[in-house]
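Peer 1: PDB, C-alpha atoms, saved as coords-v9.pdb, coming up:
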ATOM      1  CA  MET A 775      32.582  -3.673  -4.499
ATOM      2  CA  GLU A 776      32.111  -3.220  -0.751
ATOM      3  CA  ASP A 777      35.224  -1.099  -0.231
ATOM      4  CA  ARG A 778      34.307   1.392  -2.911
ATOM      5  CA  PRO A 779      32.250   4.436  -2.070
ATOM      6  CA  ASN A 780      28.640   3.986  -3.091
ATOM      7  CA  GLY A 781      29.026   6.806  -5.534
ATOM      8  CA  ALA A 782      31.210   4.490  -7.589
ATOM      9  CA  LEU A 783      28.540   1.794  -7.745
ATOM     10  CA  THR A 784      26.857   1.585 -11.089
ATOM     11  CA  PRO A 785      23.164   1.000 -10.484
ATOM     12  CA  ASN A 786      21.440  -1.571 -12.653
ATOM     13  CA  GLU A 787      18.310   0.552 -12.713
ATOM     14  CA  THR A 788      17.267   4.062 -11.733
ATOM     15  CA  LEU A 789      13.849   5.035 -10.425
ATOM     16  CA  ASP A 790      12.852   8.679 -10.373
ATOM     17  CA  VAL A 791       9.971   9.348  -7.962
ATOM     18  CA  LYS A 792      10.762  12.987  -7.298
ATOM     19  CA  GLY A 793       7.577  14.877  -6.489
ATOM     20  CA  ALA A 794       5.658  11.720  -5.569
ATOM     21  CA  ALA A 795       4.334  11.320  -2.045
ATOM     22  CA  CYS A 796       3.822   8.283   0.163
ATOM     23  CA  PRO A 797       3.154   5.504  -0.757
ATOM     24  CA  ILE A 798       4.417   5.923  -4.336
ATOM     25  CA  PRO A 799       8.182   5.710  -3.596
ATOM     26  CA  VAL A 800       7.807   2.440  -1.691
ATOM     27  CA  VAL A 801       5.257   0.976  -4.085
ATOM     28  CA  LYS A 802       7.343   1.769  -7.173
ATOM     29  CA  THR A 803      10.544   0.598  -5.476
ATOM     30  CA  ALA A 804       8.901  -2.743  -4.695
ATOM     31  CA  LYS A 805       7.642  -3.109  -8.254
ATOM     32  CA  THR A 806      10.954  -2.200  -9.823
ATOM     33  CA  MET A 807      12.870  -4.548  -7.516
ATOM     34  CA  LYS A 808      10.718  -7.429  -8.724
ATOM     35  CA  THR A 809      12.104  -6.892 -12.228
ATOM     36  CA  LEU A 810      15.730  -7.066 -11.020
ATOM     37  CA  SER A 811      17.982 -10.020 -10.234
ATOM     38  CA  THR A 812      19.638 -10.887  -6.936
ATOM     39  CA  GLY A 813      22.640  -8.630  -6.359
ATOM     40  CA  ASP A 814      21.358  -5.884  -8.644
ATOM     41  CA  VAL A 815      21.428  -2.320  -7.332
ATOM     42  CA  LEU A 816      18.502   0.062  -7.680
ATOM     43  CA  GLU A 817      19.051   3.807  -7.463
ATOM     44  CA  ILE A 818      16.060   5.861  -6.328
ATOM     45  CA  PHE A 819      15.642   9.620  -6.476
ATOM     46  CA  ALA A 820      12.870  10.916  -4.216
ATOM     47  CA  THR A 821      11.738  14.123  -2.586
ATOM     48  CA  ASP A 822       9.213  12.606  -0.158
ATOM     49  CA  PRO A 823      10.525  13.737   3.254
ATOM     50  CA  GLY A 824       9.600  10.353   4.724
ATOM     51  CA  VAL A 825      11.683   8.360   2.302
ATOM     52  CA  GLU A 826      14.523   7.629   4.736
ATOM     53  CA  PRO A 827      12.456   5.911   7.469
ATOM     54  CA  ASP A 828      10.306   4.317   4.773
ATOM     55  CA  MET A 829      13.263   2.779   2.954
ATOM     56  CA  LYS A 830      14.745   1.566   6.251
ATOM     57  CA  ALA A 831      11.435  -0.107   7.132
ATOM     58  CA  TRP A 832      10.956  -1.485   3.639
ATOM     59  CA  THR A 833      14.413  -3.059   3.432
ATOM     60  CA  LYS A 834      14.141  -4.420   6.979
ATOM     61  CA  GLN A 835      10.849  -6.101   6.153
ATOM     62  CA  THR A 836      11.709  -7.380   2.666
ATOM     63  CA  GLY A 837      15.283  -8.444   3.438
ATOM     64  CA  ASN A 838      16.774  -6.305   0.696
ATOM     65  CA  GLU A 839      19.921  -4.331   1.528
ATOM     66  CA  LEU A 840      19.896  -0.582   2.063
ATOM     67  CA  LEU A 841      23.304   0.550   0.801
ATOM     68  CA  SER A 842      23.027   4.286   1.288
ATOM     69  CA  ILE A 843      20.791   7.307   1.568
ATOM     70  CA  ASP A 844      22.283  10.635   0.569
ATOM     71  CA  ARG A 845      20.567  13.961   0.493
ATOM     72  CA  ASP A 846      21.254  16.814  -1.880
ATOM     73  CA  GLY A 847      18.930  19.698  -1.061
ATOM     74  CA  ASP A 848      15.404  18.315  -1.236
ATOM     75  CA  VAL A 849      16.400  15.253  -3.219
ATOM     76  CA  PHE A 850      17.239  11.942  -1.569
ATOM     77  CA  ARG A 851      19.333   9.413  -3.461
ATOM     78  CA  VAL A 852      18.795   5.899  -2.188
ATOM     79  CA  LEU A 853      20.713   2.785  -3.184
ATOM     80  CA  VAL A 854      19.254  -0.636  -2.446
ATOM     81  CA  ARG A 855      20.619  -4.036  -3.399
ATOM     82  CA  LYS A 856      18.318  -6.929  -4.145
ATOM     83  CA  SER A 857      18.937  -9.876  -1.832
TER      84      SER A 857
ATOM     85  CA  MET B 565       1.001 -15.132   9.987
ATOM     86  CA  SER B 566      -1.551 -15.721   7.287
ATOM     87  CA  ASP B 567      -2.388 -18.952   5.487
ATOM     88  CA  ASN B 568       0.576 -18.685   3.141
ATOM     89  CA  GLY B 569       3.003 -18.110   6.020
ATOM     90  CA  GLN B 570       3.517 -14.420   5.329
ATOM     91  CA  GLU B 571       3.001 -11.695   7.869
ATOM     92  CA  ALA B 572      -0.339  -9.941   7.522
ATOM     93  CA  VAL B 573      -1.888  -6.606   8.382
ATOM     94  CA  LEU B 574      -5.660  -6.258   8.396
ATOM     95  CA  TYR B 575      -7.217  -2.815   8.082
ATOM     96  CA  VAL B 576     -10.814  -2.145   9.098
ATOM     97  CA  MET B 577     -12.611   0.726   7.389
ATOM     98  CA  THR B 578     -15.785   1.991   9.045
ATOM     99  CA  HIS B 579     -16.175   5.355   7.299
ATOM    100  CA  GLY B 580     -17.991   6.069   4.070
ATOM    101  CA  LEU B 581     -19.282   8.941   1.989
ATOM    102  CA  GLU B 582     -19.924  11.129   5.045
ATOM    103  CA  SER B 583     -16.219  11.822   5.449
ATOM    104  CA  PRO B 584     -14.362  11.809   2.113
ATOM    105  CA  GLU B 585     -11.208  13.062   3.844
ATOM    106  CA  ARG B 586     -10.972   9.651   5.544
ATOM    107  CA  CYS B 587     -11.502   7.549   2.427
ATOM    108  CA  ALA B 588      -7.993   7.109   1.028
ATOM    109  CA  THR B 589      -5.683   6.454   3.978
ATOM    110  CA  PRO B 590      -6.494   2.753   4.503
ATOM    111  CA  PHE B 591      -5.833   2.144   0.815
ATOM    112  CA  PHE B 592      -2.412   3.712   0.739
ATOM    113  CA  LEU B 593      -1.297   2.216   4.025
ATOM    114  CA  ALA B 594      -2.404  -1.194   2.769
ATOM    115  CA  ALA B 595      -0.599  -0.573  -0.524
ATOM    116  CA  SER B 596       2.565   0.207   1.446
ATOM    117  CA  ALA B 597       2.161  -3.012   3.434
ATOM    118  CA  ALA B 598       1.696  -5.042   0.270
ATOM    119  CA  ALA B 599       4.814  -3.423  -1.182
ATOM    120  CA  MET B 600       6.660  -4.685   1.925
ATOM    121  CA  ASP B 601       5.682  -8.264   0.999
ATOM    122  CA  VAL B 602       3.122  -8.263   3.803
ATOM    123  CA  ASP B 603      -0.347  -9.702   3.160
ATOM    124  CA  ALA B 604      -2.631  -6.705   3.357
ATOM    125  CA  GLY B 605      -6.416  -6.638   3.405
ATOM    126  CA  ILE B 606      -9.096  -4.065   4.116
ATOM    127  CA  TYR B 607     -12.403  -5.095   5.683
ATOM    128  CA  PHE B 608     -15.267  -2.673   5.052
ATOM    129  CA  THR B 609     -17.989  -2.465   7.650
ATOM    130  CA  MET B 610     -20.472   0.057   9.085
ATOM    131  CA  ASN B 611     -20.348   2.918   6.527
ATOM    132  CA  GLY B 612     -17.269   1.539   4.769
ATOM    133  CA  PRO B 613     -19.117  -0.431   2.057
ATOM    134  CA  GLN B 614     -20.402   2.853   0.586
ATOM    135  CA  LEU B 615     -16.903   3.484  -0.730
ATOM    136  CA  LEU B 616     -17.054   0.324  -2.825
ATOM    137  CA  LYS B 617     -20.375   1.027  -4.543
ATOM    138  CA  GLN B 618     -19.918   1.313  -8.293
ATOM    139  CA  GLY B 619     -19.605   4.954  -9.277
ATOM    140  CA  ASN B 620     -18.650   6.273  -5.854
ATOM    141  CA  PRO B 621     -14.860   5.882  -6.208
ATOM    142  CA  GLU B 622     -15.021   8.245  -9.182
ATOM    143  CA  LYS B 623     -17.158  10.774  -7.287
ATOM    144  CA  ILE B 624     -15.228  11.395  -4.092
ATOM    145  CA  GLY B 625     -11.631  12.021  -3.141
ATOM    146  CA  PRO B 626      -9.843  12.776   0.126
ATOM    147  CA  LYS B 627      -9.321  16.416  -0.878
ATOM    148  CA  GLY B 628     -12.593  17.007  -2.655
ATOM    149  CA  GLU B 629     -12.077  18.462  -6.093
ATOM    150  CA  GLN B 630      -8.331  18.795  -5.528
ATOM    151  CA  GLY B 631      -6.062  15.840  -6.107
ATOM    152  CA  GLN B 632      -6.832  12.243  -6.881
ATOM    153  CA  LYS B 633     -10.185  10.561  -6.613
ATOM    154  CA  LEU B 634     -10.748   7.492  -4.479
ATOM    155  CA  ARG B 635     -10.589   5.309  -7.620
ATOM    156  CA  TYR B 636      -6.882   6.100  -7.933
ATOM    157  CA  PHE B 637      -6.149   4.870  -4.394
ATOM    158  CA  ILE B 638      -8.269   1.749  -4.779
ATOM    159  CA  ASP B 639      -6.566   0.832  -8.057
ATOM    160  CA  GLN B 640      -3.129   1.448  -6.585
ATOM    161  CA  ALA B 641      -3.861  -0.786  -3.587
ATOM    162  CA  VAL B 642      -5.419  -3.608  -5.608
ATOM    163  CA  ASP B 643      -2.566  -3.417  -8.096
ATOM    164  CA  CYS B 644      -0.138  -3.957  -5.198
ATOM    165  CA  GLY B 645      -2.089  -7.050  -4.135
ATOM    166  CA  VAL B 646      -4.300  -5.627  -1.395
ATOM    167  CA  LYS B 647      -7.469  -7.701  -0.821
ATOM    168  CA  LEU B 648     -10.836  -6.042  -0.223
ATOM    169  CA  TYR B 649     -13.353  -7.780   2.048
ATOM    170  CA  ILE B 650     -16.964  -7.182   2.921
ATOM    171  CA  CYS B 651     -19.728  -9.042   4.751
ATOM    172  CA  GLN B 652     -23.447  -9.355   4.052
ATOM    173  CA  PRO B 653     -24.808  -7.466   7.092
ATOM    174  CA  SER B 654     -22.629  -4.468   6.190
ATOM    175  CA  LEU B 655     -24.140  -4.498   2.715
ATOM    176  CA  ASP B 656     -27.681  -4.742   4.131
ATOM    177  CA  LEU B 657     -26.994  -1.849   6.469
ATOM    178  CA  ASN B 658     -26.207   0.327   3.456
ATOM    179  CA  ASP B 659     -28.982  -1.105   1.232
ATOM    180  CA  LEU B 660     -26.345  -2.476  -1.103
ATOM    181  CA  LYS B 661     -26.150  -5.735  -3.004
ATOM    182  CA  TYR B 662     -22.934  -7.529  -3.857
ATOM    183  CA  GLU B 663     -23.665  -6.800  -7.539
ATOM    184  CA  ASP B 664     -23.631  -3.062  -6.764
ATOM    185  CA  LEU B 665     -19.970  -3.184  -5.767
ATOM    186  CA  ILE B 666     -16.881  -2.548  -7.836
ATOM    187  CA  GLU B 667     -15.019  -5.619  -9.046
ATOM    188  CA  GLY B 668     -12.588  -7.491  -6.876
ATOM    189  CA  VAL B 669     -14.364  -7.371  -3.515
ATOM    190  CA  GLU B 670     -14.434 -10.659  -1.628
ATOM    191  CA  MET B 671     -17.420 -11.634   0.507
ATOM    192  CA  ILE B 672     -16.581 -13.036   3.925
ATOM    193  CA  GLY B 673     -18.441 -13.445   7.234
ATOM    194  CA  GLY B 674     -17.810 -12.558  10.834
ATOM    195  CA  ALA B 675     -16.059 -15.816  11.600
ATOM    196  CA  ALA B 676     -13.665 -15.386   8.694
ATOM    197  CA  PHE B 677     -13.026 -11.808   9.748
ATOM    198  CA  ASN B 678     -12.209 -12.827  13.309
ATOM    199  CA  ASP B 679      -9.974 -15.590  12.048
ATOM    200  CA  MET B 680      -8.095 -13.141   9.820
ATOM    201  CA  ALA B 681      -7.799 -10.703  12.735
ATOM    202  CA  MET B 682      -6.328 -13.355  15.024
ATOM    203  CA  GLU B 683      -3.901 -14.548  12.354
ATOM    204  CA  ALA B 684      -2.748 -11.046  11.400
ATOM    205  CA  SER B 685       0.309  -9.406  12.948
ATOM    206  CA  ALA B 686      -1.694  -6.226  13.340
ATOM    207  CA  VAL B 687      -5.265  -5.034  12.954
ATOM    208  CA  ILE B 688      -5.722  -1.334  12.331
ATOM    209  CA  SER B 689      -9.154   0.207  12.510
ATOM    210  CA  PHE B 690     -10.243   3.460  10.932
TER     211      PHE B 690
END
So that I can check it, write out the structure of this file as structure tokens.

Peer 2:
Amino acid sequence: MEDRPNGALTPNETLDVKGAACPIPVVKTAKTMKTLSTGDVLEIFATDPGVEPDMKAWTKQTGNELLSIDRDGDVFRVLVRKS
Amino acid sequence: MSDNGQEAVLYVMTHGLESPERCATPFFLAASAAAMDVDAGIYFTMNGPQLLKQGNPEKIGPKGEQGQKLRYFIDQAVDCGVKLYICQPSLDLNDLKYEDLIEGVEMIGGAAFNDMAMEASAVISF
């Protein structure tokens, strides 16, 4: 799985928090991750401009893995794997 | 580190009804901390207890009539696991009784507050 581009990863769950501001993306990501199993991948769509530093801080603190952050216009697509 | 071995952040809220624009920030920062698996608590002192009086969270919001009321931010924080603390002298100062407060507020004293502050990784005062 590691040598494939992240675009080829099939997320186990998708969270759409477009339009929501801090702290909603982090709060909902944390809640959704609790429902997943170790190794599962969560895909997050967000427009909060602070989502990149927030997701870096959140994964650093919680020990989950930040796989990628891509931006398309105003929309960030974040992939995190549950550790 | 807190009692359960997790990292902790303690927020101190000293503002009340006189400055609605300041009311929500401690709640959403604490909610973010809780979402990071950090023990997060908010201690209300000086004017802070006014925010927790029954009825007030529905009346004020950080942007007045625009946007969410304080109740939304309190519920979000508590739902994430944020603890709310108060002490008796702060209630007396505001002519409040414990029974006047919204549900879920824990009564502590100065010694417990100082202990929490020393155990926390960070104390942030507003």

Peer 1: Near chain A, which residues of chain B fall within 9 Å when you count only C-alpha atoms, and what do they look like as a ChimeraX atom specification?

Peer 2: /B:592-593,595-602,640,644

Peer 1: I need the chosen residues saved as a PDB file, in the frame of the given file, with C-alpha atoms.

Peer 2:
ATOM      1  CA  PHE B 592      -2.412   3.712   0.739  1.00  0.00           C
ATOM      2  CA  LEU B 593      -1.297   2.216   4.025  1.00  0.00           C
ATOM      3  CA  ALA B 595      -0.599  -0.573  -0.524  1.00  0.00           C
ATOM      4  CA  SER B 596       2.565   0.207   1.446  1.00  0.00           C
ATOM      5  CA  ALA B 597       2.161  -3.012   3.434  1.00  0.00           C
ATOM      6  CA  ALA B 598       1.696  -5.042   0.270  1.00  0.00           C
ATOM      7  CA  ALA B 599       4.814  -3.423  -1.182  1.00  0.00           C
ATOM      8  CA  MET B 600       6.660  -4.685   1.925  1.00  0.00           C
ATOM      9  CA  ASP B 601       5.682  -8.264   0.999  1.00  0.00           C
ATOM     10  CA  VAL B 602       3.122  -8.263   3.803  1.00  0.00           C
ATOM     11  CA  GLN B 640      -3.129   1.448  -6.585  1.00  0.00           C
ATOM     12  CA  CYS B 644      -0.138  -3.957  -5.198  1.00  0.00           C
TER      13      CYS B 644
END

Peer 1: If you measure from CA of Ala676 (chain B) to CA of Glu585 (chain B), what distance in Å do you get, rounded to one decimal?

Peer 2: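 These two atoms are separated by 29.0 Å.
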
Peer 1: Please expand the PyMOL selection byres ((chain A and resi 822) around 9) into the concrete residues it hits in this file, giving the result as a tab-separated table (two decimals) with C-alpha atoms, in the coordinates of the input.

Peer 2:
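Okay, out-v5.tsv is ready:
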chain	number	residue	atom	x	y	z
A	791	VAL	CA	9.97	9.35	-7.96
A	792	LYS	CA	10.76	12.99	-7.30
A	793	GLY	CA	7.58	14.88	-6.49
A	794	ALA	CA	5.66	11.72	-5.57
A	795	ALA	CA	4.33	11.32	-2.04
A	796	CYS	CA	3.82	8.28	0.16
A	799	PRO	CA	8.18	5.71	-3.60
A	820	ALA	CA	12.87	10.92	-4.22
A	821	THR	CA	11.74	14.12	-2.59
A	823	PRO	CA	10.52	13.74	3.25
A	824	GLY	CA	9.60	10.35	4.72
A	825	VAL	CA	11.68	8.36	2.30
A	826	GLU	CA	14.52	7.63	4.74
A	848	ASP	CA	15.40	18.32	-1.24
A	849	VAL	CA	16.40	15.25	-3.22
A	850	PHE	CA	17.24	11.94	-1.57

Peer 1: Report the distance between CA of Ala572 (chain B) and CA of Ile606 (chain B) in Å, rounded to one decimal place.

Peer 2: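 Calculated distance between CA of Ala572 (chain B) and CA of Ile606 (chain B) is 11.1 Å.
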
Peer 1: Would you work out the distance separating CA of Glu622 (chain B) from CA of Pro653 (chain B), expressed in Å to one decimal?

Peer 2: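 Between CA of Glu622 (chain B) and CA of Pro653 (chain B) the gap is 24.6 Å.
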
Peer 1: Determine the residue membership of the PyMOL selection byres ((chain B and resi 618) around 8) for the file above and supply it as a list of chain:residue names.

Peer 2: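 With the shown file as input, the PyMOL selection byres ((chain B and resi 618) around 8) matches B:Leu616, B:Lys617, B:Gly619, B:Asn620, B:Pro621, B:Asp664, B:Leu665, B:Ile666.
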
Peer 1: Store the residues of this selection in a file with C-alpha atoms, as a CSV table (one decimal), in the coordinates of the input.

Peer 2:
chain,number,residue,atom,x,y,z
B,616,LEU,CA,-17.1,0.3,-2.8
B,617,LYS,CA,-20.4,1.0,-4.5
B,619,GLY,CA,-19.6,5.0,-9.3
B,620,ASN,CA,-18.6,6.3,-5.9
B,621,PRO,CA,-14.9,5.9,-6.2
B,664,ASP,CA,-23.6,-3.1,-6.8
B,665,LEU,CA,-20.0,-3.2,-5.8
B,666,ILE,CA,-16.9,-2.5,-7.8

Peer 1: Which of these, A:Ser811, A:Arg851, A:Thr806, A:Glu817, has the shortest distance to Thr784 (chain A) once you count all atoms listed in the file?

Peer 2: A:Glu817

Peer 1: Using only C-alpha atoms, pick whichever of B:Tyr607, B:Phe591, B:Asp643, B:Arg586 has the shortest atom-to-atom distance to Asn678 (chain B).

Peer 2: B:Tyr607

Peer 1: How would you write as a ChimeraX atom specification the residues that get within 8 Å of (-8.2, 7.3, -4.4) in the file's frame, counting only C-alpha atoms?

Peer 2: /B:587-588,591,621,625-626,632-639

Peer 1: Take the PyMOL selection byres ((chain A and resi 841) around 7), run it mentally on this structure, and tell me the resulting residues as a compact mmCIF listing (two decimals) with C-alpha atoms, in the frame of the given file.

Peer 2:
# COMPACT_ATOMS: atom_id res chain seq x y z
CA GLU A 839 19.92 -4.33 1.53
CA LEU A 840 19.90 -0.58 2.06
CA SER A 842 23.03 4.29 1.29
CA LEU A 853 20.71 2.78 -3.18
CA VAL A 854 19.25 -0.64 -2.45
CA ARG A 855 20.62 -4.04 -3.40

Peer 1: Padding 4 Å on every side, please: axis-aligned box over the listed atoms of region 807-819 of chain A, centre and edge lengths to one decimal in Å, as lines of an AutoDock Vina configuration file.

Peer 2:
center_x = 16.7
center_y = -0.6
center_z = -9.3
size_x = 19.9
size_y = 28.5
size_z = 13.9

Peer 1: Considering all atoms listed in the file, can you say which of B:Met682, B:Met610, B:Leu648, B:Leu655 comes closest to Tyr575 (chain B)?

Peer 2: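 Of B:Met682, B:Met610, B:Leu648, B:Leu655, the one nearest Tyr575 (chain B) is B:Leu648, counting all atoms listed in the file.
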
Peer 1: Assuming the input is short of atoms at region 812-831 of chain A, produce N, CA and C atoms for that part as a PDB file, in the coordinates of the input.

Peer 2:
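The resulting file, part-v7.pdb, is reproduced below:
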ATOM      1  N   THR A 812      18.907 -10.916  -8.202  1.00  0.00           N
ATOM      2  CA  THR A 812      19.638 -10.887  -6.936  1.00  0.00           C
ATOM      3  C   THR A 812      21.014 -10.246  -7.137  1.00  0.00           C
ATOM      4  N   GLY A 813      21.357  -9.312  -6.264  1.00  0.00           N
ATOM      5  CA  GLY A 813      22.640  -8.630  -6.359  1.00  0.00           C
ATOM      6  C   GLY A 813      22.576  -7.314  -7.121  1.00  0.00           C
ATOM      7  N   ASP A 814      21.507  -7.138  -7.885  1.00  0.00           N
ATOM      8  CA  ASP A 814      21.358  -5.884  -8.644  1.00  0.00           C
ATOM      9  C   ASP A 814      21.140  -4.704  -7.694  1.00  0.00           C
ATOM     10  N   VAL A 815      21.576  -3.538  -8.140  1.00  0.00           N
ATOM     11  CA  VAL A 815      21.428  -2.320  -7.332  1.00  0.00           C
ATOM     12  C   VAL A 815      20.438  -1.375  -8.001  1.00  0.00           C
ATOM     13  N   LEU A 816      19.484  -0.919  -7.198  1.00  0.00           N
ATOM     14  CA  LEU A 816      18.502   0.062  -7.680  1.00  0.00           C
ATOM     15  C   LEU A 816      18.808   1.415  -7.057  1.00  0.00           C
ATOM     16  N   GLU A 817      18.841   2.425  -7.914  1.00  0.00           N
ATOM     17  CA  GLU A 817      19.051   3.807  -7.463  1.00  0.00           C
ATOM     18  C   GLU A 817      17.709   4.521  -7.513  1.00  0.00           C
ATOM     19  N   ILE A 818      17.356   5.185  -6.405  1.00  0.00           N
ATOM     20  CA  ILE A 818      16.060   5.861  -6.328  1.00  0.00           C
ATOM     21  C   ILE A 818      16.282   7.331  -6.018  1.00  0.00           C
ATOM     22  N   PHE A 819      15.646   8.188  -6.780  1.00  0.00           N
ATOM     23  CA  PHE A 819      15.642   9.620  -6.476  1.00  0.00           C
ATOM     24  C   PHE A 819      14.252   9.999  -6.000  1.00  0.00           C
ATOM     25  N   ALA A 820      14.172  10.588  -4.792  1.00  0.00           N
ATOM     26  CA  ALA A 820      12.870  10.916  -4.216  1.00  0.00           C
ATOM     27  C   ALA A 820      12.942  12.223  -3.454  1.00  0.00           C
ATOM     28  N   THR A 821      11.810  12.892  -3.377  1.00  0.00           N
ATOM     29  CA  THR A 821      11.738  14.123  -2.586  1.00  0.00           C
ATOM     30  C   THR A 821      10.781  13.976  -1.404  1.00  0.00           C
ATOM     31  N   ASP A 822      10.105  12.843  -1.301  1.00  0.00           N
ATOM     32  CA  ASP A 822       9.213  12.606  -0.158  1.00  0.00           C
ATOM     33  C   ASP A 822      10.048  12.680   1.124  1.00  0.00           C
ATOM     34  N   PRO A 823       9.693  13.582   2.046  1.00  0.00           N
ATOM     35  CA  PRO A 823      10.525  13.737   3.254  1.00  0.00           C
ATOM     36  C   PRO A 823      10.558  12.492   4.134  1.00  0.00           C
ATOM     37  N   GLY A 824       9.626  11.574   3.913  1.00  0.00           N
ATOM     38  CA  GLY A 824       9.600  10.353   4.724  1.00  0.00           C
ATOM     39  C   GLY A 824      10.357   9.205   4.107  1.00  0.00           C
ATOM     40  N   VAL A 825      11.095   9.475   3.044  1.00  0.00           N
ATOM     41  CA  VAL A 825      11.683   8.360   2.302  1.00  0.00           C
ATOM     42  C   VAL A 825      12.751   7.607   3.108  1.00  0.00           C
ATOM     43  N   GLU A 826      13.460   8.322   3.981  1.00  0.00           N
ATOM     44  CA  GLU A 826      14.523   7.629   4.736  1.00  0.00           C
ATOM     45  C   GLU A 826      13.953   6.576   5.702  1.00  0.00           C
ATOM     46  N   PRO A 827      13.041   6.957   6.621  1.00  0.00           N
ATOM     47  CA  PRO A 827      12.456   5.911   7.469  1.00  0.00           C
ATOM     48  C   PRO A 827      11.695   4.857   6.671  1.00  0.00           C
ATOM     49  N   ASP A 828      11.056   5.282   5.582  1.00  0.00           N
ATOM     50  CA  ASP A 828      10.306   4.317   4.773  1.00  0.00           C
ATOM     51  C   ASP A 828      11.236   3.280   4.146  1.00  0.00           C
ATOM     52  N   MET A 829      12.352   3.718   3.604  1.00  0.00           N
ATOM     53  CA  MET A 829      13.263   2.779   2.954  1.00  0.00           C
ATOM     54  C   MET A 829      13.943   1.868   3.986  1.00  0.00           C
ATOM     55  N   LYS A 830      14.189   2.409   5.180  1.00  0.00           N
ATOM     56  CA  LYS A 830      14.745   1.566   6.251  1.00  0.00           C
ATOM     57  C   LYS A 830      13.738   0.473   6.624  1.00  0.00           C
ATOM     58  N   ALA A 831      12.472   0.872   6.769  1.00  0.00           N
ATOM     59  CA  ALA A 831      11.435  -0.107   7.132  1.00  0.00           C
ATOM     60  C   ALA A 831      11.223  -1.114   6.007  1.00  0.00           C
TER      61      ALA A 831
END
